[in-house]
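Asker: First the structure, then my questions, so here it is.
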Amino acid sequence: PKFTGRDIFGLQQAADPEIRPDGGAIAYVRVTNDIMTDRSRRSIWLADAKTGAQTPLVAQEGSSFSPRWSPDGQRLAYVAVVGGAPQLFVRWVAAGREAKVATLEQAPGDITWSPDGKTLAFTMMVPDEGAKLGAPPQPKPEGAQWAEPLRVEDRVNWRADGEGELKPGYSQIFTISADGGAPRQRTFGRFDAQGPLAFTGDGQGLLFATDRDKGWERDAGEADLYRLSLADGVLTQLTHRVGPDYAPVVSPNGKQIAYLGFDNARHRGYENQRVYLMDADGKNARALTTGLDRSVDTAVWSGDGKSLVIGYVDQGVTKVARLGLDGKLTP
């Protein structure tokens with residue numbers, strides 16, 4: 001039989017897999033298509049790593065996504081949109097119980113657990129009023145029908161493919177107790193804080209990428225890594241080169257940081273994305289994958305902290321390899 005448009009509603013997709021710390025199970029987002037609303041619907045399922053058995057974990061009304069395991073593998077944080085409002089939940093998997101941590105104004109992203117499992121960090125868009133040019137005369141007569149207020153647009157990037165006009169605002173970092181409470185905004189200003197986020201080894205700081213230089217909106221390929229002190233909000237810039245640095249991952253002993261990026265020569269249309277390594281204070285930064293003629297998509301630490309496991313695409317095939325701290329690659 002031929003594939004028709006109606007068959008789209010029978011398709012399912014697996015996305016955003018998250019491996020439990022002990023490796024025994026994988027939480028992932030199952031995406032289905034609702035024929036009655038003509039919209040996709042997301043639910044969270046659990047797959048047994050040995051048997052492949054599938055179990056629905058969070059399949060409530062609305063959509064659920066962004067599952068993130070706690071460091072001990074006992075809890076799962078996730079986002080659910082219920083009644084149009086994004087909500088942050090924590091589920092105790094073994095007990096089958098869950099608690100709503102917070103109802104948020106915008107959908108959170110880059111959800112990250114602290115090493116002790118007591119705090120959740122995430123990014124969230126904070127609305128901005130945007131530029132103004134005067135104000136309409138006041139008061140407005142009762143029943144008057146005036147034209148729409150004059151709108152001034154001074155953003156460099158104000159539209160996006162698939163999204164249309166972007167709401168004015170900036171992505172900022174928030175933290176909240178994993179037991180619930182009020183989210184606390186940690187970064188401020190007319191700059192975007194970019195994930196993925198990573199807690200420092202001692203849990204007292206957060207690592208993230210941002211470009212805080214003048215005219216940053218006109219330089220889409222630039223970002224540096226910063227450390228945010230959770231005690232006093234002090235920002236410390238860790239990288240200082242031309243090119244994007246992002247996706248920090250902290251070694252198990254907390255002494256080193258691996259991250260992705262490349263040197264931006266600005267006269268070429270493409271650069272291979274490399275894995276870099278530096279000390280926790282930003283010193284002794286060096287590239288580890290200069291001998292690999294491919295872009296690295298992801299990097300995670302091995303359990304013993306003596307190597308990294310990286311993923312990259314080679315001639316259309318996704319490959320995984322072990323990367324030593326000396327730069328040697330083992331397929």
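To be explicit about the labels: the chains of the structure tokens are called A, B, and onward in the order shown, and within each one the residues are counted from 1, while ligands get numbers from 1 in the order they are shown.
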Report as a list in words all protein, DNA and RNA residues lying within 9 Å of region 260-272 of chain A, evaluated on only C-alpha atoms, omitting residues in the same chain fewer than 3 positions from it.

Answerer: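 Non-adjacent residues within range: Gly221, Glu222, Arg241, Val242, Gly243, Pro244, Asp245, Tyr246, Ala247, Pro248, Val275, Tyr276, Leu277, Ala287, Leu292, Asp293, Arg294, Ser295, Val296, Asp297, Thr298 and Ala299 of chain A.
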
Asker: Take the residues from that selection and put them in a file with N, CA, C and O atoms, as a PDB file, in the first residue's frame.

Answerer:
```
ATOM      1  N   GLY A 221      28.296  33.706  15.716  1.00  0.00           N
ATOM      2  CA  GLY A 221      29.226  32.606  15.914  1.00  0.00           C
ATOM      3  C   GLY A 221      30.183  32.796  17.065  1.00  0.00           C
ATOM      4  O   GLY A 221      31.245  32.170  17.095  1.00  0.00           O
ATOM      5  N   GLU A 222      29.837  33.624  18.029  1.00  0.00           N
ATOM      6  CA  GLU A 222      30.740  33.910  19.140  1.00  0.00           C
ATOM      7  C   GLU A 222      30.072  33.592  20.472  1.00  0.00           C
ATOM      8  O   GLU A 222      28.899  33.904  20.702  1.00  0.00           O
ATOM      9  N   ARG A 241      38.638  33.467  23.493  1.00  0.00           N
ATOM     10  CA  ARG A 241      39.136  33.424  22.121  1.00  0.00           C
ATOM     11  C   ARG A 241      38.026  33.734  21.138  1.00  0.00           C
ATOM     12  O   ARG A 241      36.842  33.775  21.483  1.00  0.00           O
ATOM     13  N   VAL A 242      38.390  33.932  19.877  1.00  0.00           N
ATOM     14  CA  VAL A 242      37.417  34.187  18.821  1.00  0.00           C
ATOM     15  C   VAL A 242      36.852  32.853  18.363  1.00  0.00           C
ATOM     16  O   VAL A 242      37.576  31.996  17.854  1.00  0.00           O
ATOM     17  N   GLY A 243      35.583  32.666  18.566  1.00  0.00           N
ATOM     18  CA  GLY A 243      34.937  31.413  18.225  1.00  0.00           C
ATOM     19  C   GLY A 243      33.999  30.982  19.331  1.00  0.00           C
ATOM     20  O   GLY A 243      34.092  31.459  20.464  1.00  0.00           O
ATOM     21  N   PRO A 244      33.075  30.075  19.041  1.00  0.00           N
ATOM     22  CA  PRO A 244      32.101  29.638  20.044  1.00  0.00           C
ATOM     23  C   PRO A 244      32.680  28.583  20.990  1.00  0.00           C
ATOM     24  O   PRO A 244      33.331  27.637  20.561  1.00  0.00           O
ATOM     25  N   ASP A 245      32.472  28.750  22.276  1.00  0.00           N
ATOM     26  CA  ASP A 245      32.789  27.759  23.293  1.00  0.00           C
ATOM     27  C   ASP A 245      31.494  27.464  24.042  1.00  0.00           C
ATOM     28  O   ASP A 245      30.834  28.396  24.529  1.00  0.00           O
ATOM     29  N   TYR A 246      31.132  26.194  24.144  1.00  0.00           N
ATOM     30  CA  TYR A 246      29.863  25.865  24.805  1.00  0.00           C
ATOM     31  C   TYR A 246      29.859  24.390  25.214  1.00  0.00           C
ATOM     32  O   TYR A 246      30.841  23.678  25.040  1.00  0.00           O
ATOM     33  N   ALA A 247      28.724  23.936  25.758  1.00  0.00           N
ATOM     34  CA  ALA A 247      28.512  22.550  26.197  1.00  0.00           C
ATOM     35  C   ALA A 247      29.583  22.078  27.167  1.00  0.00           C
ATOM     36  O   ALA A 247      30.239  21.065  26.943  1.00  0.00           O
ATOM     37  N   PRO A 248      29.779  22.769  28.304  1.00  0.00           N
ATOM     38  CA  PRO A 248      30.791  22.333  29.277  1.00  0.00           C
ATOM     39  C   PRO A 248      30.357  21.074  30.015  1.00  0.00           C
ATOM     40  O   PRO A 248      29.177  20.903  30.343  1.00  0.00           O
ATOM     41  N   VAL A 275      36.825  19.129  20.476  1.00  0.00           N
ATOM     42  CA  VAL A 275      36.728  18.971  21.926  1.00  0.00           C
ATOM     43  C   VAL A 275      37.925  19.665  22.554  1.00  0.00           C
ATOM     44  O   VAL A 275      39.073  19.470  22.124  1.00  0.00           O
ATOM     45  N   TYR A 276      37.672  20.479  23.570  1.00  0.00           N
ATOM     46  CA  TYR A 276      38.724  21.192  24.284  1.00  0.00           C
ATOM     47  C   TYR A 276      38.709  20.763  25.749  1.00  0.00           C
ATOM     48  O   TYR A 276      37.689  20.308  26.275  1.00  0.00           O
ATOM     49  N   LEU A 277      39.846  20.961  26.392  1.00  0.00           N
ATOM     50  CA  LEU A 277      39.984  20.636  27.807  1.00  0.00           C
ATOM     51  C   LEU A 277      40.713  21.767  28.505  1.00  0.00           C
ATOM     52  O   LEU A 277      41.684  22.309  27.974  1.00  0.00           O
ATOM     53  N   ALA A 287      43.098  21.969  22.659  1.00  0.00           N
ATOM     54  CA  ALA A 287      42.231  21.141  21.827  1.00  0.00           C
ATOM     55  C   ALA A 287      42.696  19.693  21.891  1.00  0.00           C
ATOM     56  O   ALA A 287      43.895  19.414  21.863  1.00  0.00           O
ATOM     57  N   LEU A 292      41.433  14.706  14.386  1.00  0.00           N
ATOM     58  CA  LEU A 292      40.200  14.140  13.847  1.00  0.00           C
ATOM     59  C   LEU A 292      39.602  15.118  12.849  1.00  0.00           C
ATOM     60  O   LEU A 292      39.234  16.236  13.194  1.00  0.00           O
ATOM     61  N   ASP A 293      39.489  14.697  11.599  1.00  0.00           N
ATOM     62  CA  ASP A 293      38.955  15.557  10.549  1.00  0.00           C
ATOM     63  C   ASP A 293      37.436  15.415  10.461  1.00  0.00           C
ATOM     64  O   ASP A 293      36.876  15.170   9.394  1.00  0.00           O
ATOM     65  N   ARG A 294      36.780  15.537  11.573  1.00  0.00           N
ATOM     66  CA  ARG A 294      35.329  15.491  11.652  1.00  0.00           C
ATOM     67  C   ARG A 294      34.886  16.396  12.789  1.00  0.00           C
ATOM     68  O   ARG A 294      35.632  16.651  13.735  1.00  0.00           O
ATOM     69  N   SER A 295      33.654  16.863  12.725  1.00  0.00           N
ATOM     70  CA  SER A 295      33.092  17.671  13.800  1.00  0.00           C
ATOM     71  C   SER A 295      32.536  16.774  14.896  1.00  0.00           C
ATOM     72  O   SER A 295      31.803  15.815  14.610  1.00  0.00           O
ATOM     73  N   VAL A 296      32.892  17.065  16.122  1.00  0.00           N
ATOM     74  CA  VAL A 296      32.388  16.314  17.271  1.00  0.00           C
ATOM     75  C   VAL A 296      31.067  16.934  17.724  1.00  0.00           C
ATOM     76  O   VAL A 296      30.968  18.154  17.897  1.00  0.00           O
ATOM     77  N   ASP A 297      30.061  16.082  17.917  1.00  0.00           N
ATOM     78  CA  ASP A 297      28.731  16.559  18.294  1.00  0.00           C
ATOM     79  C   ASP A 297      28.504  16.549  19.799  1.00  0.00           C
ATOM     80  O   ASP A 297      27.729  17.340  20.319  1.00  0.00           O
ATOM     81  N   THR A 298      29.161  15.626  20.495  1.00  0.00           N
ATOM     82  CA  THR A 298      28.927  15.507  21.928  1.00  0.00           C
ATOM     83  C   THR A 298      30.148  14.909  22.604  1.00  0.00           C
ATOM     84  O   THR A 298      30.943  14.202  21.969  1.00  0.00           O
ATOM     85  N   ALA A 299      30.292  15.205  23.887  1.00  0.00           N
ATOM     86  CA  ALA A 299      31.395  14.652  24.671  1.00  0.00           C
ATOM     87  C   ALA A 299      30.935  14.486  26.113  1.00  0.00           C
ATOM     88  O   ALA A 299      30.328  15.396  26.690  1.00  0.00           O
TER      89      ALA A 299
END
```

Asker: List as a PyMOL selection string the protein and nucleic acid residues near Asp34 (chain A), meaning an atom at most 12 Å away when only C-alpha atoms are counted, but skip any in the same chain fewer than 4 places from it.

Answerer: chain A and resi 6-12+38-42+62-63

Asker: So which one's closest to Gln256 (chain A), A:Arg286, A:Arg322, A:Arg274, A:Arg97? Using only C-alpha atoms, please.

Answerer: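 Comparing A:Arg286, A:Arg322, A:Arg274, A:Arg97 against Gln256 (chain A), the winner is A:Arg286.
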
Asker: Give me, as a list in words, all polymer residues having an atom no more than 12 Å from Asp48 (chain A), counting only C-alpha atoms and skipping those fewer than 3 positions away in the same chain.

Answerer: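 My reading of the contact set: Ile19, Arg20, Asp22, Gly23, Gly24, Ala25, Ile26, Ala27, Tyr28, Trp45, Thr51, Gly52, Ala53, Gln54, Thr55 and Pro56 of chain A.
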
Asker: I need the chosen residues saved as a PDB file, in the first residue's frame, with C-alpha atoms.

Answerer:
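Wrote again_29.pdb, looks like this:
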```
ATOM      1  CA  ILE A  19      20.351   7.188  30.325  1.00  0.00           C
ATOM      2  CA  ARG A  20      19.890   6.510  34.031  1.00  0.00           C
ATOM      3  CA  ASP A  22      23.489   3.177  36.554  1.00  0.00           C
ATOM      4  CA  GLY A  23      22.900   2.449  32.853  1.00  0.00           C
ATOM      5  CA  GLY A  24      19.949   0.153  33.560  1.00  0.00           C
ATOM      6  CA  ALA A  25      17.189   2.196  31.940  1.00  0.00           C
ATOM      7  CA  ILE A  26      16.618   4.970  29.441  1.00  0.00           C
ATOM      8  CA  ALA A  27      13.970   7.662  29.756  1.00  0.00           C
ATOM      9  CA  TYR A  28      12.942   9.148  26.436  1.00  0.00           C
ATOM     10  CA  TRP A  45       8.544   6.415  28.438  1.00  0.00           C
ATOM     11  CA  THR A  51      15.290  -6.396  27.720  1.00  0.00           C
ATOM     12  CA  GLY A  52      14.087  -3.389  25.717  1.00  0.00           C
ATOM     13  CA  ALA A  53      10.756  -3.492  27.553  1.00  0.00           C
ATOM     14  CA  GLN A  54       8.820  -0.226  27.215  1.00  0.00           C
ATOM     15  CA  THR A  55       6.863   1.343  30.069  1.00  0.00           C
ATOM     16  CA  PRO A  56       4.887   4.605  29.969  1.00  0.00           C
TER      17      PRO A  56
END
```

Asker: Would you mind telling me which residue in A:Thr32, A:Gln74, A:Ser43, A:Gln138 lies nearest to Leu57 (chain A) when using only C-alpha atoms?

Answerer: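 Of the candidates, the smallest distance to Leu57 (chain A) is held by A:Ser43.
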
Asker: Which parts of region 193-283 of chain A does DSSP call strand (DSSP E or B) when run on the backbone here, written out as a compact mmCIF listing (two decimals) with all heavy atoms, in the first residue's frame?

Answerer:
```txt
# COMPACT_ATOMS: atom_id res chain seq x y z
N GLN A 194 23.24 30.74 27.41
CA GLN A 194 23.02 29.59 26.55
C GLN A 194 23.39 28.29 27.28
O GLN A 194 24.41 28.21 27.95
CB GLN A 194 23.87 29.70 25.28
CG GLN A 194 23.67 30.99 24.50
CD GLN A 194 24.71 31.16 23.41
OE1 GLN A 194 25.27 30.21 22.91
NE2 GLN A 194 24.96 32.40 23.02
N GLY A 195 22.55 27.28 27.14
CA GLY A 195 22.86 25.95 27.64
C GLY A 195 23.57 25.15 26.57
O GLY A 195 23.81 25.65 25.47
N PRO A 196 23.96 23.91 26.89
CA PRO A 196 23.70 23.19 28.14
C PRO A 196 24.43 23.81 29.34
O PRO A 196 25.48 24.42 29.19
CB PRO A 196 24.24 21.79 27.85
CG PRO A 196 24.37 21.68 26.37
CD PRO A 196 24.65 23.06 25.91
N LEU A 197 23.83 23.63 30.52
CA LEU A 197 24.42 24.11 31.76
C LEU A 197 25.17 22.97 32.44
O LEU A 197 24.93 21.80 32.18
CB LEU A 197 23.33 24.61 32.71
CG LEU A 197 22.34 25.64 32.16
CD1 LEU A 197 21.27 25.95 33.21
CD2 LEU A 197 23.04 26.91 31.72
N ALA A 198 26.08 23.32 33.33
CA ALA A 198 26.79 22.32 34.12
C ALA A 198 27.14 22.92 35.47
O ALA A 198 27.65 24.05 35.55
CB ALA A 198 28.07 21.86 33.41
N PHE A 199 26.85 22.20 36.54
CA PHE A 199 27.28 22.61 37.87
C PHE A 199 28.77 22.33 38.02
O PHE A 199 29.30 21.36 37.46
CB PHE A 199 26.52 21.85 38.95
CG PHE A 199 25.18 22.44 39.30
CD1 PHE A 199 24.05 22.06 38.59
CD2 PHE A 199 25.05 23.38 40.31
CE1 PHE A 199 22.81 22.60 38.90
CE2 PHE A 199 23.82 23.93 40.63
CZ PHE A 199 22.69 23.54 39.92
N GLY A 205 28.76 26.55 41.81
CA GLY A 205 28.76 27.42 40.63
C GLY A 205 28.10 26.73 39.46
O GLY A 205 27.88 25.52 39.45
N LEU A 206 27.76 27.53 38.45
CA LEU A 206 27.16 27.03 37.23
C LEU A 206 28.00 27.49 36.04
O LEU A 206 28.43 28.64 35.98
CB LEU A 206 25.73 27.55 37.07
CG LEU A 206 24.61 26.72 37.69
CD1 LEU A 206 23.30 27.51 37.68
CD2 LEU A 206 24.43 25.40 36.95
N LEU A 207 28.21 26.59 35.09
CA LEU A 207 28.93 26.91 33.87
C LEU A 207 27.92 27.04 32.73
O LEU A 207 27.00 26.23 32.60
CB LEU A 207 29.93 25.80 33.54
CG LEU A 207 30.94 25.45 34.64
CD1 LEU A 207 31.78 24.26 34.20
CD2 LEU A 207 31.82 26.64 34.97
N PHE A 208 28.13 28.07 31.91
CA PHE A 208 27.24 28.28 30.77
C PHE A 208 27.96 29.10 29.72
O PHE A 208 29.05 29.63 29.96
CB PHE A 208 25.96 28.99 31.21
CG PHE A 208 26.14 30.41 31.65
CD1 PHE A 208 25.82 31.47 30.81
CD2 PHE A 208 26.65 30.70 32.91
CE1 PHE A 208 25.99 32.79 31.23
CE2 PHE A 208 26.83 32.02 33.33
CZ PHE A 208 26.50 33.06 32.48
N ALA A 209 27.38 29.20 28.55
CA ALA A 209 27.96 29.96 27.45
C ALA A 209 27.16 31.23 27.23
O ALA A 209 25.93 31.25 27.37
CB ALA A 209 27.98 29.13 26.17
N THR A 210 27.85 32.29 26.86
CA THR A 210 27.19 33.55 26.54
C THR A 210 28.17 34.44 25.80
O THR A 210 29.38 34.23 25.85
CB THR A 210 26.69 34.27 27.82
OG1 THR A 210 25.92 35.43 27.45
CG2 THR A 210 27.84 34.70 28.70
N ALA A 223 30.80 32.95 21.37
CA ALA A 223 30.34 32.69 22.73
C ALA A 223 31.52 32.23 23.56
O ALA A 223 32.43 31.57 23.05
CB ALA A 223 29.24 31.63 22.76
N ASP A 224 31.53 32.60 24.82
CA ASP A 224 32.57 32.16 25.75
C ASP A 224 31.93 31.47 26.94
O ASP A 224 30.74 31.67 27.23
CB ASP A 224 33.39 33.36 26.24
CG ASP A 224 34.36 33.87 25.18
OD1 ASP A 224 35.22 33.08 24.75
OD2 ASP A 224 34.24 35.05 24.78
N LEU A 225 32.72 30.67 27.62
CA LEU A 225 32.24 30.00 28.81
C LEU A 225 32.44 30.89 30.03
O LEU A 225 33.50 31.50 30.20
CB LEU A 225 32.96 28.67 29.02
CG LEU A 225 32.61 27.55 28.04
CD1 LEU A 225 33.43 26.31 28.34
CD2 LEU A 225 31.12 27.22 28.09
N TYR A 226 31.43 30.93 30.89
CA TYR A 226 31.47 31.70 32.13
C TYR A 226 31.13 30.78 33.30
O TYR A 226 30.41 29.79 33.14
CB TYR A 226 30.45 32.84 32.10
CG TYR A 226 30.87 34.05 31.31
CD1 TYR A 226 30.92 34.03 29.92
CD2 TYR A 226 31.22 35.23 31.96
CE1 TYR A 226 31.30 35.14 29.19
CE2 TYR A 226 31.60 36.36 31.24
CZ TYR A 226 31.63 36.32 29.87
OH TYR A 226 32.01 37.43 29.14
N ARG A 227 31.65 31.15 34.47
CA ARG A 227 31.26 30.49 35.71
C ARG A 227 30.45 31.48 36.54
O ARG A 227 30.89 32.60 36.80
CB ARG A 227 32.47 30.01 36.49
CG ARG A 227 32.07 29.29 37.80
CD ARG A 227 33.27 28.76 38.58
NE ARG A 227 34.14 29.85 39.02
CZ ARG A 227 35.40 29.99 38.65
NH1 ARG A 227 35.95 29.12 37.82
NH2 ARG A 227 36.13 31.00 39.11
N LEU A 228 29.26 31.06 36.95
CA LEU A 228 28.40 31.87 37.80
C LEU A 228 28.48 31.37 39.22
O LEU A 228 28.19 30.20 39.49
CB LEU A 228 26.95 31.79 37.29
CG LEU A 228 25.86 32.31 38.23
CD1 LEU A 228 25.96 33.82 38.39
CD2 LEU A 228 24.48 31.91 37.72
N SER A 229 28.91 32.21 40.14
CA SER A 229 28.95 31.86 41.55
C SER A 229 27.53 31.96 42.11
O SER A 229 26.90 33.02 42.06
CB SER A 229 29.88 32.79 42.32
OG SER A 229 29.76 32.59 43.72
N LEU A 235 30.20 36.72 38.01
CA LEU A 235 30.48 36.01 36.77
C LEU A 235 31.98 36.06 36.49
O LEU A 235 32.60 37.11 36.57
CB LEU A 235 29.73 36.65 35.60
CG LEU A 235 28.21 36.45 35.56
CD1 LEU A 235 27.62 37.26 34.40
CD2 LEU A 235 27.85 34.99 35.42
N THR A 236 32.55 34.91 36.15
CA THR A 236 33.96 34.82 35.80
C THR A 236 34.08 34.24 34.40
O THR A 236 33.60 33.12 34.15
CB THR A 236 34.72 33.93 36.79
OG1 THR A 236 34.55 34.44 38.12
CG2 THR A 236 36.20 33.88 36.45
N GLN A 237 34.71 34.97 33.50
CA GLN A 237 34.90 34.49 32.14
C GLN A 237 36.05 33.50 32.10
O GLN A 237 37.15 33.78 32.57
CB GLN A 237 35.17 35.66 31.19
CG GLN A 237 35.21 35.26 29.72
CD GLN A 237 35.31 36.46 28.80
OE1 GLN A 237 35.11 37.60 29.21
NE2 GLN A 237 35.58 36.21 27.53
N PRO A 244 33.07 30.08 19.04
CA PRO A 244 32.10 29.64 20.04
C PRO A 244 32.68 28.58 20.99
O PRO A 244 33.33 27.64 20.56
CB PRO A 244 30.97 29.04 19.19
CG PRO A 244 31.68 28.53 17.97
CD PRO A 244 32.82 29.49 17.71
N ASP A 245 32.47 28.75 22.28
CA ASP A 245 32.79 27.76 23.29
C ASP A 245 31.49 27.46 24.04
O ASP A 245 30.83 28.40 24.53
CB ASP A 245 33.84 28.28 24.28
CG ASP A 245 35.19 28.53 23.61
OD1 ASP A 245 35.57 27.73 22.76
OD2 ASP A 245 35.83 29.55 23.93
N TYR A 246 31.13 26.19 24.14
CA TYR A 246 29.86 25.87 24.80
C TYR A 246 29.86 24.39 25.21
O TYR A 246 30.84 23.68 25.04
CB TYR A 246 28.68 26.17 23.87
CG TYR A 246 28.55 25.23 22.71
CD1 TYR A 246 27.58 24.24 22.70
CD2 TYR A 246 29.40 25.32 21.61
CE1 TYR A 246 27.46 23.36 21.65
CE2 TYR A 246 29.28 24.46 20.55
CZ TYR A 246 28.31 23.47 20.57
OH TYR A 246 28.20 22.61 19.52
N ALA A 247 28.72 23.94 25.76
CA ALA A 247 28.51 22.55 26.20
C ALA A 247 29.58 22.08 27.17
O ALA A 247 30.24 21.06 26.94
CB ALA A 247 28.44 21.61 24.99
N PRO A 248 29.78 22.77 28.30
CA PRO A 248 30.79 22.33 29.28
C PRO A 248 30.36 21.07 30.02
O PRO A 248 29.18 20.90 30.34
CB PRO A 248 30.87 23.53 30.23
CG PRO A 248 29.50 24.14 30.18
CD PRO A 248 29.04 23.96 28.75
N VAL A 249 31.31 20.18 30.27
CA VAL A 249 31.07 19.00 31.10
C VAL A 249 32.23 18.90 32.09
O VAL A 249 33.40 18.97 31.70
CB VAL A 249 30.94 17.71 30.27
CG1 VAL A 249 29.58 17.63 29.61
CG2 VAL A 249 32.03 17.59 29.23
N VAL A 250 31.91 18.76 33.35
CA VAL A 250 32.91 18.77 34.42
C VAL A 250 33.38 17.35 34.72
O VAL A 250 32.57 16.42 34.78
CB VAL A 250 32.32 19.43 35.69
CG1 VAL A 250 33.35 19.46 36.81
CG2 VAL A 250 31.84 20.84 35.38
N GLN A 256 38.66 19.48 36.05
CA GLN A 256 38.80 19.83 34.65
C GLN A 256 37.44 20.01 33.99
O GLN A 256 36.43 19.46 34.46
CB GLN A 256 39.60 18.75 33.90
CG GLN A 256 41.06 18.65 34.34
CD GLN A 256 41.78 17.53 33.62
OE1 GLN A 256 41.41 16.37 33.74
NE2 GLN A 256 42.82 17.87 32.86
N ILE A 257 37.44 20.78 32.91
CA ILE A 257 36.22 21.03 32.15
C ILE A 257 36.50 20.72 30.69
O ILE A 257 37.45 21.25 30.10
CB ILE A 257 35.77 22.50 32.28
CG1 ILE A 257 35.51 22.87 33.74
CG2 ILE A 257 34.50 22.74 31.44
CD1 ILE A 257 35.31 24.35 33.96
N ALA A 258 35.70 19.84 30.11
CA ALA A 258 35.74 19.60 28.67
C ALA A 258 34.61 20.40 28.03
O ALA A 258 33.56 20.61 28.65
CB ALA A 258 35.60 18.11 28.37
N TYR A 259 34.81 20.84 26.80
CA TYR A 259 33.78 21.63 26.13
C TYR A 259 33.98 21.55 24.63
O TYR A 259 35.01 21.06 24.13
CB TYR A 259 33.79 23.08 26.61
CG TYR A 259 35.10 23.81 26.44
CD1 TYR A 259 35.32 24.67 25.35
CD2 TYR A 259 36.13 23.67 27.37
CE1 TYR A 259 36.52 25.35 25.20
CE2 TYR A 259 37.33 24.34 27.22
CZ TYR A 259 37.52 25.18 26.14
OH TYR A 259 38.71 25.84 25.99
N LEU A 260 33.00 22.03 23.88
CA LEU A 260 33.03 22.01 22.42
C LEU A 260 33.25 23.42 21.88
O LEU A 260 32.92 24.41 22.55
CB LEU A 260 31.73 21.44 21.85
CG LEU A 260 31.32 20.04 22.30
CD1 LEU A 260 30.01 19.63 21.64
CD2 LEU A 260 32.41 19.03 21.98
N GLY A 261 33.79 23.50 20.68
CA GLY A 261 33.97 24.80 20.05
C GLY A 261 34.94 24.72 18.89
O GLY A 261 35.33 23.64 18.45
N ARG A 274 35.55 21.02 17.64
CA ARG A 274 36.52 20.20 18.35
C ARG A 274 36.17 20.08 19.83
O ARG A 274 35.35 20.84 20.37
CB ARG A 274 37.92 20.80 18.20
CG ARG A 274 38.35 21.01 16.75
CD ARG A 274 39.82 21.39 16.68
NE ARG A 274 40.22 21.75 15.32
CZ ARG A 274 40.48 20.88 14.35
NH1 ARG A 274 40.36 19.59 14.58
NH2 ARG A 274 40.85 21.29 13.14
N VAL A 275 36.82 19.13 20.48
CA VAL A 275 36.73 18.97 21.93
C VAL A 275 37.92 19.66 22.55
O VAL A 275 39.07 19.47 22.12
CB VAL A 275 36.72 17.49 22.34
CG1 VAL A 275 36.64 17.36 23.86
CG2 VAL A 275 35.55 16.76 21.69
N TYR A 276 37.67 20.48 23.57
CA TYR A 276 38.72 21.19 24.28
C TYR A 276 38.71 20.76 25.75
O TYR A 276 37.69 20.31 26.28
CB TYR A 276 38.51 22.70 24.19
CG TYR A 276 38.76 23.26 22.81
CD1 TYR A 276 37.78 23.16 21.82
CD2 TYR A 276 39.97 23.89 22.49
CE1 TYR A 276 38.01 23.67 20.56
CE2 TYR A 276 40.19 24.40 21.22
CZ TYR A 276 39.21 24.28 20.26
OH TYR A 276 39.44 24.79 19.00
N LEU A 277 39.85 20.96 26.39
CA LEU A 277 39.98 20.64 27.81
C LEU A 277 40.71 21.77 28.51
O LEU A 277 41.68 22.31 27.97
CB LEU A 277 40.77 19.33 27.98
CG LEU A 277 40.90 18.78 29.41
CD1 LEU A 277 39.54 18.32 29.91
CD2 LEU A 277 41.90 17.63 29.44
N MET A 278 40.23 22.15 29.68
CA MET A 278 40.90 23.17 30.47
C MET A 278 40.74 22.86 31.95
O MET A 278 39.90 22.03 32.34
CB MET A 278 40.34 24.56 30.17
CG MET A 278 38.90 24.77 30.56
SD MET A 278 38.32 26.44 30.13
CE MET A 278 36.57 26.34 30.54
N ASP A 279 41.55 23.51 32.76
CA ASP A 279 41.40 23.39 34.21
C ASP A 279 40.12 24.07 34.65
O ASP A 279 39.55 24.90 33.93
CB ASP A 279 42.60 24.01 34.92
CG ASP A 279 43.91 23.30 34.61
OD1 ASP A 279 43.86 22.14 34.16
OD2 ASP A 279 44.98 23.91 34.79
```

Asker: Using only C-alpha atoms, can you tell me which of A:Ala99, A:Val79, A:Val126, A:Leu230 comes closest to Ile111 (chain A)?

Answerer: A:Val79
